[in-house]
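Asker: Just one file: data-v2.tsv, with TSV, C-alpha atoms and all ligand atoms.
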chain	number	residue	atom	x	y	z
A	19	MET	CA	-0.16	6.07	20.50
A	20	THR	CA	2.11	5.90	17.45
A	21	THR	CA	0.15	5.75	14.26
A	22	GLN	CA	1.65	4.10	11.23
A	23	GLU	CA	1.51	6.15	8.05
A	24	PHE	CA	0.67	4.85	4.57
A	25	LEU	CA	0.97	6.17	1.04
A	26	SER	CA	-1.91	4.99	-1.15
A	27	ALA	CA	-1.28	5.40	-4.90
A	28	SER	CA	-4.52	6.17	-6.75
A	29	ILE	CA	-4.55	4.62	-10.20
A	30	LEU	CA	-7.09	7.24	-11.36
A	31	SER	CA	-4.10	9.09	-12.87
A	32	ALA	CA	-2.27	5.99	-14.14
A	33	ASP	CA	-1.74	5.14	-17.79
A	34	PHE	CA	-4.48	2.53	-18.29
A	35	ALA	CA	-2.78	1.10	-21.35
A	36	ARG	CA	0.13	0.11	-19.06
A	37	LEU	CA	-1.71	-0.33	-15.78
A	38	GLY	CA	0.01	-3.55	-14.68
A	39	GLU	CA	3.44	-2.10	-15.30
A	40	GLU	CA	2.64	1.16	-13.47
A	41	ILE	CA	1.28	-0.68	-10.41
A	42	GLN	CA	4.37	-2.88	-10.20
A	43	ARG	CA	6.49	0.22	-10.54
A	44	VAL	CA	4.84	2.13	-7.66
A	45	GLU	CA	5.00	-1.02	-5.53
A	46	LYS	CA	8.74	-1.26	-6.12
A	47	LEU	CA	9.24	2.47	-5.48
A	48	GLY	CA	7.53	2.39	-2.09
A	49	ALA	CA	3.75	2.85	-2.34
A	50	ASP	CA	2.06	1.05	0.57
A	51	TRP	CA	-1.46	0.68	-0.80
A	52	ILE	CA	-3.15	0.84	-4.21
A	53	HIS	CA	-6.21	3.12	-4.19
A	54	ILE	CA	-8.95	2.31	-6.69
A	55	ASP	CA	-11.46	5.10	-7.33
A	56	VAL	CA	-14.74	3.68	-8.55
A	57	ILE	CA	-17.04	6.41	-9.92
A	58	ASP	CA	-20.48	5.72	-11.38
A	59	GLY	CA	-21.37	8.99	-13.16
A	60	HIS	CA	-24.29	9.52	-10.72
A	61	PHE	CA	-22.74	10.04	-7.31
A	62	ALA	CA	-19.85	11.95	-8.89
A	63	PRO	CA	-19.47	13.36	-12.41
A	64	ASN	CA	-17.10	10.87	-14.03
A	65	LEU	CA	-17.02	7.23	-15.09
A	66	SER	CA	-13.88	5.47	-14.02
A	67	MET	CA	-13.37	1.77	-13.38
A	68	GLY	CA	-15.06	-1.18	-11.75
A	69	ILE	CA	-14.84	-4.77	-10.56
A	70	PRO	CA	-12.62	-6.17	-13.40
A	71	VAL	CA	-9.93	-3.59	-12.58
A	72	VAL	CA	-9.90	-4.71	-8.93
A	73	SER	CA	-9.50	-8.34	-10.07
A	74	ALA	CA	-6.67	-7.35	-12.40
A	75	CYS	CA	-4.87	-5.45	-9.62
A	76	HIS	CA	-5.33	-8.43	-7.29
A	77	GLN	CA	-3.51	-10.64	-9.77
A	78	ILE	CA	-0.46	-8.42	-10.15
A	79	THR	CA	0.26	-6.99	-6.71
A	80	ASN	CA	0.28	-8.06	-3.08
A	81	LEU	CA	-0.29	-4.50	-1.89
A	82	PHE	CA	-3.40	-3.65	0.11
A	83	LEU	CA	-6.20	-2.84	-2.37
A	84	ASP	CA	-7.99	0.21	-1.05
A	85	VAL	CA	-11.28	0.48	-2.95
A	86	HIS	CA	-13.12	3.81	-2.73
A	87	LEU	CA	-16.70	3.55	-3.96
A	88	MET	CA	-18.06	6.87	-5.22
A	89	ILE	CA	-21.27	5.21	-6.30
A	90	GLU	CA	-24.93	5.34	-5.34
A	91	TYR	CA	-26.32	2.40	-3.37
A	92	PRO	CA	-22.93	0.75	-2.87
A	93	GLU	CA	-24.61	-2.15	-1.01
A	94	ARG	CA	-25.51	-3.60	-4.42
A	95	PHE	CA	-21.85	-4.16	-5.29
A	96	ILE	CA	-19.83	-4.73	-2.12
A	97	GLU	CA	-20.00	-8.52	-2.38
A	98	LYS	CA	-18.55	-8.44	-5.91
A	99	PHE	CA	-15.77	-6.03	-4.94
A	100	ALA	CA	-14.83	-8.20	-1.96
A	101	ALA	CA	-14.80	-11.32	-4.14
A	102	ALA	CA	-12.61	-9.50	-6.69
A	103	GLY	CA	-9.93	-8.98	-4.04
A	104	ALA	CA	-10.65	-5.63	-2.35
A	105	HIS	CA	-8.94	-5.57	1.06
A	106	GLY	CA	-10.64	-2.35	2.15
A	107	ILE	CA	-13.98	-1.00	0.89
A	108	THR	CA	-14.91	2.60	1.61
A	109	ILE	CA	-18.42	3.93	1.07
A	110	HIS	CA	-19.79	7.48	1.29
A	111	VAL	CA	-22.24	8.67	3.96
A	112	GLU	CA	-23.97	10.72	1.24
A	113	ALA	CA	-24.59	7.62	-0.88
A	114	SER	CA	-25.68	5.07	1.71
A	115	PRO	CA	-29.07	5.34	3.38
A	116	ASN	CA	-28.29	2.16	5.36
A	117	LEU	CA	-24.76	3.16	6.24
A	118	HIS	CA	-24.25	1.12	9.40
A	119	ARG	CA	-25.70	-2.05	7.92
A	120	THR	CA	-23.58	-1.77	4.76
A	121	LEU	CA	-20.41	-1.23	6.83
A	122	GLN	CA	-21.21	-4.36	8.84
A	123	SER	CA	-21.78	-6.32	5.62
A	124	ILE	CA	-18.35	-5.23	4.35
A	125	ARG	CA	-16.77	-6.64	7.50
A	126	GLU	CA	-18.74	-9.89	7.20
A	127	LEU	CA	-17.40	-10.23	3.65
A	128	GLY	CA	-13.87	-10.18	5.08
A	129	ALA	CA	-12.88	-6.66	3.98
A	130	LYS	CA	-12.03	-3.63	6.11
A	131	PRO	CA	-14.92	-1.14	6.16
A	132	GLY	CA	-14.30	2.56	5.59
A	133	VAL	CA	-16.57	5.59	5.59
A	134	ALA	CA	-16.00	8.70	3.43
A	135	ILE	CA	-17.32	12.27	3.49
A	136	ASN	CA	-17.32	14.95	0.81
A	137	PRO	CA	-15.94	18.44	1.50
A	138	GLY	CA	-19.46	19.83	2.01
A	139	THR	CA	-20.53	17.16	4.52
A	140	PRO	CA	-20.09	17.84	8.25
A	141	ALA	CA	-17.64	15.72	10.25
A	142	GLU	CA	-20.43	14.78	12.71
A	143	THR	CA	-21.99	12.45	10.12
A	144	VAL	CA	-19.23	9.84	10.59
A	145	ARG	CA	-19.31	9.89	14.37
A	146	PRO	CA	-22.24	7.46	14.84
A	147	VAL	CA	-20.50	4.77	12.74
A	148	LEU	CA	-16.93	5.15	14.07
A	149	GLU	CA	-17.16	1.89	16.02
A	150	ALA	CA	-18.05	0.05	12.80
A	151	VAL	CA	-15.11	1.23	10.66
A	152	ASP	CA	-11.37	0.72	10.25
A	153	LEU	CA	-10.92	3.87	8.16
A	154	VAL	CA	-12.41	7.34	7.79
A	155	LEU	CA	-11.79	9.13	4.50
A	156	VAL	CA	-12.02	12.91	4.43
A	157	MET	CA	-12.32	14.05	0.82
A	158	THR	CA	-10.07	17.05	0.32
A	159	VAL	CA	-11.55	17.84	-3.12
A	160	ASN	CA	-15.03	17.23	-4.53
A	161	PRO	CA	-15.16	13.68	-5.90
A	162	GLY	CA	-14.91	13.01	-9.61
A	163	TYR	CA	-11.56	13.88	-11.11
A	164	SER	CA	-7.88	13.71	-10.28
A	165	GLY	CA	-5.76	16.84	-10.63
A	166	GLN	CA	-7.93	19.18	-8.50
A	167	SER	CA	-6.57	21.53	-5.81
A	168	PHE	CA	-6.67	20.61	-2.12
A	169	LEU	CA	-9.43	22.44	-0.19
A	170	PRO	CA	-7.83	23.92	2.97
A	171	GLU	CA	-11.20	24.22	4.74
A	172	THR	CA	-11.13	20.41	5.17
A	173	ILE	CA	-8.24	20.67	7.67
A	174	GLN	CA	-10.51	21.49	10.58
A	175	LYS	CA	-12.56	18.33	9.88
A	176	ILE	CA	-9.43	16.16	9.84
A	177	ARG	CA	-8.40	17.57	13.22
A	178	GLN	CA	-11.86	17.02	14.70
A	179	ILE	CA	-12.15	13.41	13.49
A	180	ARG	CA	-8.60	12.62	14.70
A	181	GLY	CA	-9.72	13.73	18.16
A	182	TRP	CA	-12.71	11.33	18.11
A	183	ILE	CA	-10.53	8.47	16.84
A	184	ASP	CA	-8.00	9.02	19.63
A	185	ASP	CA	-10.83	9.14	22.19
A	186	SER	CA	-12.21	5.84	20.85
A	187	GLY	CA	-8.95	4.06	21.69
A	188	ARG	CA	-9.31	2.00	18.49
A	189	GLN	CA	-6.84	1.91	15.60
A	190	ILE	CA	-8.83	3.67	12.89
A	191	ASN	CA	-6.97	5.03	9.88
A	192	LEU	CA	-7.68	8.62	8.87
A	193	GLN	CA	-7.29	9.03	5.15
A	194	VAL	CA	-7.20	12.10	2.91
A	195	ASP	CA	-7.91	11.99	-0.81
A	196	GLY	CA	-7.70	14.83	-3.32
A	197	GLY	CA	-5.00	17.33	-4.23
A	198	ILE	CA	-2.35	15.57	-2.11
A	199	ASP	CA	1.24	16.48	-3.00
A	200	ALA	CA	4.25	16.84	-0.68
A	201	GLY	CA	3.03	20.27	0.53
A	202	THR	CA	-0.62	19.42	1.23
A	203	LEU	CA	0.42	16.03	2.65
A	204	SER	CA	2.29	17.91	5.34
A	205	LEU	CA	-0.80	20.02	6.20
A	206	ALA	CA	-3.05	16.95	6.43
A	207	GLN	CA	-0.38	15.08	8.42
A	208	GLN	CA	-0.14	17.88	10.99
A	209	ALA	CA	-3.94	17.82	11.32
A	210	GLY	CA	-3.83	14.08	12.13
A	211	ALA	CA	-4.29	12.17	8.86
A	212	ASN	CA	-2.20	8.98	8.50
A	213	VAL	CA	-3.17	7.59	5.08
A	214	PHE	CA	-2.45	9.76	2.07
A	215	VAL	CA	-4.00	9.11	-1.33
A	216	SER	CA	-2.14	10.60	-4.23
A	217	ALA	CA	-2.88	10.27	-7.95
A	218	SER	CA	-1.46	13.07	-10.12
A	219	ALA	CA	1.47	13.81	-7.78
A	220	ILE	CA	2.62	10.22	-8.41
A	221	PHE	CA	1.53	9.12	-11.88
A	222	LYS	CA	1.59	12.54	-13.54
A	223	HIS	CA	4.58	14.08	-11.77
A	224	PRO	CA	6.49	16.22	-14.32
A	225	GLN	CA	9.78	14.53	-13.32
A	226	GLY	CA	8.23	11.06	-13.41
A	227	ILE	CA	6.74	8.52	-11.01
A	228	GLU	CA	9.99	7.89	-9.17
A	229	THR	CA	10.40	11.56	-8.20
A	230	GLY	CA	6.70	11.81	-7.32
A	231	ILE	CA	6.90	8.93	-4.82
A	232	ARG	CA	10.25	10.04	-3.45
A	233	LEU	CA	8.97	13.55	-2.59
A	234	LEU	CA	5.88	12.16	-0.84
A	235	ARG	CA	7.91	9.56	1.09
A	236	GLU	CA	10.43	12.19	2.17
A	237	GLN	CA	7.58	14.14	3.72
A	238	LEU	CA	6.30	11.03	5.55
A	239	ASN	CA	9.79	10.24	6.86
A	240	LYS	CA	10.22	13.80	8.09
A	241	LYS	CA	7.28	13.30	10.47
A	242	GLU	CA	8.62	9.93	11.66
A	243	VAL	CA	11.94	11.41	12.86
A	244	ASP	CA	10.34	14.48	14.55
B	1	ZN	ZN	-10.40	8.00	-3.76
Take the structure in this file and express it as structure tokens.

Answerer:
Amino acid sequence: MTTQEFLSASILSADFARLGEEIQRVEKLGADWIHIDVIDGHFAPNLSMGIPVVSACHQITNLFLDVHLMIEYPERFIEKFAAAGAHGITIHVEASPNLHRTLQSIRELGAKPGVAINPGTPAETVRPVLEAVDLVLVMTVNPGYSGQSFLPETIQKIRQIRGWIDDSGRQINLQVDGGIDAGTLSLAQQAGANVFVSASAIFKHPQGIETGIRLLREQLNKKEVD
């Protein structure tokens, strides 16, 4: 089965004073999705952005809006995120006591449900809900901040979950988020990931956004011709 690969640009590292401009820029340069990291200061130690940012993104781009909720009790907010224009909504196993029900509600709201796990959470925790999701997100850093280093011990989990996805026969995206640059993208890609979230390596690349996206896309294309 050929799996399509996607580059998801996380606006956590964007310049918020010029957010619209930066999103249009990454769209033009070849990002496939826009990744929106919502952090509540409880589930993870940062406060980032919320529903109004999703609405604003929805107004300026046609790209898939990939909303990653790093918040406690996400069931309280999924309806509002869906109404704001989220195409995909990903919730954490660690934050959702009623995981299966919340994933079903996301689908009923017309968005694609995703489930995420932190580096310290075993892969087995996503297995019971695989049939309810369109995406599994393996966090490759601890959630909270952009600019952290990729944790290589997460590779084994990516490989294991890819095996379960292939066995399921369903098209489920396997996403990695945290410390993804051209080098770590290649590691995650070889382990079976097909959606790559990148924040700093795009928006804070020392040679600029254009170079950041080009290097990541070159790595994706390398796999496609193999
Ligand atoms: Zn994220």

Asker: I want to know what sits within 9 Å of Val213 in chain A, based on only C-alpha atoms, with residues of the same chain fewer than 3 positions away left out; could you give that as a ChimeraX atom specification?

Answerer: /A:22-26,155,191-195,207

Asker: Compute the set of protein, DNA and RNA residues whose minimum atom distance to ligand ZN 1 (chain B) is at most 8 Å, using all atoms listed in the file, and state it as a PyMOL selection string.

Answerer: chain A and resi 28+53-56+85-88+157+161+195-196+215

Asker: Considering all atoms listed in the file, can you say which of A:Ser204, A:Glu228, A:Leu30, A:Ala211 comes closest to Gly181 in chain A?

Answerer: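 Under the stated criterion, the closest residue is A:Ala211.
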
Asker: With only C-alpha atoms as the basis for distance, which of A:Pro140, A:Gly59, A:Leu47, A:Pro146 is at the shortest distance from Arg235 in chain A?

Answerer: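 Among the listed residues, A:Leu47 lies closest to Arg235 in chain A.
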
Asker: Counting all atoms listed in the file, I want the residues whose atoms come within 12 Å of (-16.8, -9.7, -4.8) in the file frame, returned as an MDAnalysis selection string.

Answerer: chainID A and resid 68:70 72:73 76 85 93:107 124 127:129

Asker: Which one is closest to Ala27 in chain A: A:Ala74, A:Leu65, A:Ile89, A:Ile220? Count all atoms listed in the file.

Answerer: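 Closest to Ala27 in chain A, using all atoms listed in the file: A:Ile220.
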
Asker: Taking into account all atoms listed in the file, which residue in the set A:Leu234, A:Ala150, A:Ala217, A:Ile176 is nearest to Leu203 in chain A?

Answerer: A:Leu234

Asker: By how many Å are CA of Ser218 in chain A and CA of Ile29 in chain A apart?

Answerer: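 According to the coordinates, CA of Ser218 in chain A and CA of Ile29 in chain A are separated by 9.0 Å.
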
Asker: I'd like to know which of A:Ser167, A:Thr79, A:Asn116, A:Ser186 is closest to Asp199 in chain A, using all atoms listed in the file.

Answerer: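 Closest candidate: A:Ser167.
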
Asker: Report the distance between CA of Arg145 in chain A and CA of Gln166 in chain A in Å, rounded to one decimal place.

Answerer: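 About the pair CA of Arg145 in chain A and CA of Gln166 in chain A: they are 27.2 Å apart.
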
Asker: What is the CA of Pro170 in chain A-CA of Val133 in chain A distance in Å, reported with one decimal?

Answerer: 20.5 Å

Asker: Pick the closest to Glu171 in chain A from A:Leu238, A:Val111, A:Ile231, A:Leu205: which is it, counting only C-alpha atoms?

Answerer: A:Leu205

Asker: Can you pull out every residue within 12 Å of Lys46 in chain A, counting all atoms listed in the file, but drop anything in the same chain fewer than 4 positions away, and send it as an MDAnalysis selection string?

Answerer: chainID A and resid 39:42 50:51 79:81 227:228 231:232

Asker: With all atoms listed in the file as the counted atoms, please give the residues lying no more than 8 Å from Asn136 in chain A, apart from itself and same-chain residues fewer than 6 positions off, as a PyMOL selection string.

Answerer: chain A and resi 110+112+156-161

Asker: Keeping C-alpha atoms (and nothing else), can you write range 136-243 of chain A of this structure as a JSON list (two decimals), in the first residue's frame?

Answerer:
[["chain", "number", "residue", "atom", "x", "y", "z"],
["A", 136, "ASN", "CA", 3.43, 11.55, 24.81],
["A", 137, "PRO", "CA", 6.96, 10.09, 24.75],
["A", 138, "GLY", "CA", 6.43, 8.41, 28.14],
["A", 139, "THR", "CA", 3.14, 6.72, 27.17],
["A", 140, "PRO", "CA", 3.22, 3.16, 25.80],
["A", 141, "ALA", "CA", 2.15, 2.53, 22.20],
["A", 142, "GLU", "CA", -0.43, -0.05, 23.39],
["A", 143, "THR", "CA", -2.68, 2.75, 24.71],
["A", 144, "VAL", "CA", -3.74, 3.76, 21.17],
["A", 145, "ARG", "CA", -4.45, 0.24, 19.98],
["A", 146, "PRO", "CA", -8.01, -0.06, 21.39],
["A", 147, "VAL", "CA", -9.12, 3.12, 19.56],
["A", 148, "LEU", "CA", -7.38, 2.55, 16.20],
["A", 149, "GLU", "CA", -10.68, 1.75, 14.47],
["A", 150, "ALA", "CA", -12.07, 5.13, 15.62],
["A", 151, "VAL", "CA", -9.27, 7.36, 14.28],
["A", 152, "ASP", "CA", -7.89, 8.71, 11.00],
["A", 153, "LEU", "CA", -4.56, 9.73, 12.54],
["A", 154, "VAL", "CA", -2.19, 8.62, 15.30],
["A", 155, "LEU", "CA", 0.27, 11.22, 16.57],
["A", 156, "VAL", "CA", 3.45, 10.02, 18.26],
["A", 157, "MET", "CA", 4.98, 12.92, 20.18],
["A", 158, "THR", "CA", 8.72, 12.91, 19.58],
["A", 159, "VAL", "CA", 9.36, 15.51, 22.32],
["A", 160, "ASN", "CA", 7.48, 16.24, 25.54],
["A", 161, "PRO", "CA", 4.62, 18.61, 24.74],
["A", 162, "GLY", "CA", 4.86, 22.30, 25.52],
["A", 163, "TYR", "CA", 7.46, 24.13, 23.50],
["A", 164, "SER", "CA", 8.87, 24.23, 19.99],
["A", 165, "GLY", "CA", 12.63, 24.01, 19.51],
["A", 166, "GLN", "CA", 13.24, 20.82, 21.55],
["A", 167, "SER", "CA", 15.39, 17.88, 20.39],
["A", 168, "PHE", "CA", 13.84, 14.76, 18.87],
["A", 169, "LEU", "CA", 13.77, 11.79, 21.30],
["A", 170, "PRO", "CA", 15.19, 8.75, 19.43],
["A", 171, "GLU", "CA", 13.54, 6.29, 21.83],
["A", 172, "THR", "CA", 10.20, 7.12, 20.15],
["A", 173, "ILE", "CA", 11.29, 5.37, 16.92],
["A", 174, "GLN", "CA", 10.39, 1.94, 18.21],
["A", 175, "LYS", "CA", 6.84, 3.15, 18.97],
["A", 176, "ILE", "CA", 6.43, 4.56, 15.47],
["A", 177, "ARG", "CA", 7.48, 1.21, 13.99],
["A", 178, "GLN", "CA", 5.12, -0.72, 16.24],
["A", 179, "ILE", "CA", 2.09, 1.49, 15.50],
["A", 180, "ARG", "CA", 2.83, 1.40, 11.74],
["A", 181, "GLY", "CA", 2.60, -2.39, 11.96],
["A", 182, "TRP", "CA", -0.85, -2.22, 13.61],
["A", 183, "ILE", "CA", -2.07, 0.34, 11.06],
["A", 184, "ASP", "CA", -0.94, -1.86, 8.16],
["A", 185, "ASP", "CA", -2.65, -4.87, 9.77],
["A", 186, "SER", "CA", -5.88, -2.88, 10.13],
["A", 187, "GLY", "CA", -6.06, -2.37, 6.36],
["A", 188, "ARG", "CA", -7.40, 1.16, 6.95],
["A", 189, "GLN", "CA", -5.78, 4.39, 5.77],
["A", 190, "ILE", "CA", -4.66, 5.89, 9.08],
["A", 191, "ASN", "CA", -2.06, 8.63, 9.03],
["A", 192, "LEU", "CA", 0.91, 8.25, 11.37],
["A", 193, "GLN", "CA", 2.16, 11.64, 12.46],
["A", 194, "VAL", "CA", 5.28, 12.74, 14.33],
["A", 195, "ASP", "CA", 5.56, 16.05, 16.15],
["A", 196, "GLY", "CA", 8.59, 17.50, 17.92],
["A", 197, "GLY", "CA", 12.19, 18.11, 16.88],
["A", 198, "ILE", "CA", 11.49, 17.31, 13.20],
["A", 199, "ASP", "CA", 14.12, 18.62, 10.78],
["A", 200, "ALA", "CA", 15.40, 17.03, 7.56],
["A", 201, "GLY", "CA", 17.56, 14.54, 9.52],
["A", 202, "THR", "CA", 14.99, 13.37, 12.09],
["A", 203, "LEU", "CA", 12.27, 13.38, 9.39],
["A", 204, "SER", "CA", 14.26, 10.71, 7.62],
["A", 205, "LEU", "CA", 14.48, 8.56, 10.79],
["A", 206, "ALA", "CA", 10.73, 8.85, 11.45],
["A", 207, "GLN", "CA", 9.98, 8.19, 7.77],
["A", 208, "GLN", "CA", 12.02, 4.98, 7.78],
["A", 209, "ALA", "CA", 10.14, 3.86, 10.90],
["A", 210, "GLY", "CA", 6.80, 4.34, 9.08],
["A", 211, "ALA", "CA", 5.57, 7.87, 9.84],
["A", 212, "ASN", "CA", 3.85, 9.67, 6.94],
["A", 213, "VAL", "CA", 2.85, 13.07, 8.39],
["A", 214, "PHE", "CA", 5.63, 15.30, 9.63],
["A", 215, "VAL", "CA", 5.00, 18.30, 11.86],
["A", 216, "SER", "CA", 7.71, 20.91, 11.82],
["A", 217, "ALA", "CA", 7.78, 24.28, 13.58],
["A", 218, "SER", "CA", 11.28, 25.68, 14.18],
["A", 219, "ALA", "CA", 12.84, 23.93, 11.17],
["A", 220, "ILE", "CA", 10.39, 25.92, 9.00],
["A", 221, "PHE", "CA", 9.59, 29.23, 10.68],
["A", 222, "LYS", "CA", 12.89, 29.68, 12.52],
["A", 223, "HIS", "CA", 15.28, 28.21, 9.95],
["A", 224, "PRO", "CA", 18.50, 30.28, 10.00],
["A", 225, "GLN", "CA", 18.38, 30.62, 6.19],
["A", 226, "GLY", "CA", 14.68, 31.47, 6.21],
["A", 227, "ILE", "CA", 11.33, 29.76, 5.69],
["A", 228, "GLU", "CA", 11.96, 28.97, 2.04],
["A", 229, "THR", "CA", 15.12, 26.99, 2.77],
["A", 230, "GLY", "CA", 13.45, 25.30, 5.75],
["A", 231, "ILE", "CA", 10.58, 23.96, 3.62],
["A", 232, "ARG", "CA", 12.84, 23.07, 0.71],
["A", 233, "LEU", "CA", 15.11, 20.87, 2.88],
["A", 234, "LEU", "CA", 12.14, 19.03, 4.40],
["A", 235, "ARG", "CA", 10.47, 18.53, 1.00],
["A", 236, "GLU", "CA", 13.71, 17.24, -0.51],
["A", 237, "GLN", "CA", 13.77, 14.56, 2.16],
["A", 238, "LEU", "CA", 10.14, 13.60, 1.44],
["A", 239, "ASN", "CA", 10.83, 13.40, -2.30],
["A", 240, "LYS", "CA", 13.87, 11.22, -1.71],
["A", 241, "LYS", "CA", 11.63, 8.55, -0.19],
["A", 242, "GLU", "CA", 9.10, 8.83, -3.05],
["A", 243, "VAL", "CA", 11.70, 7.97, -5.72]]
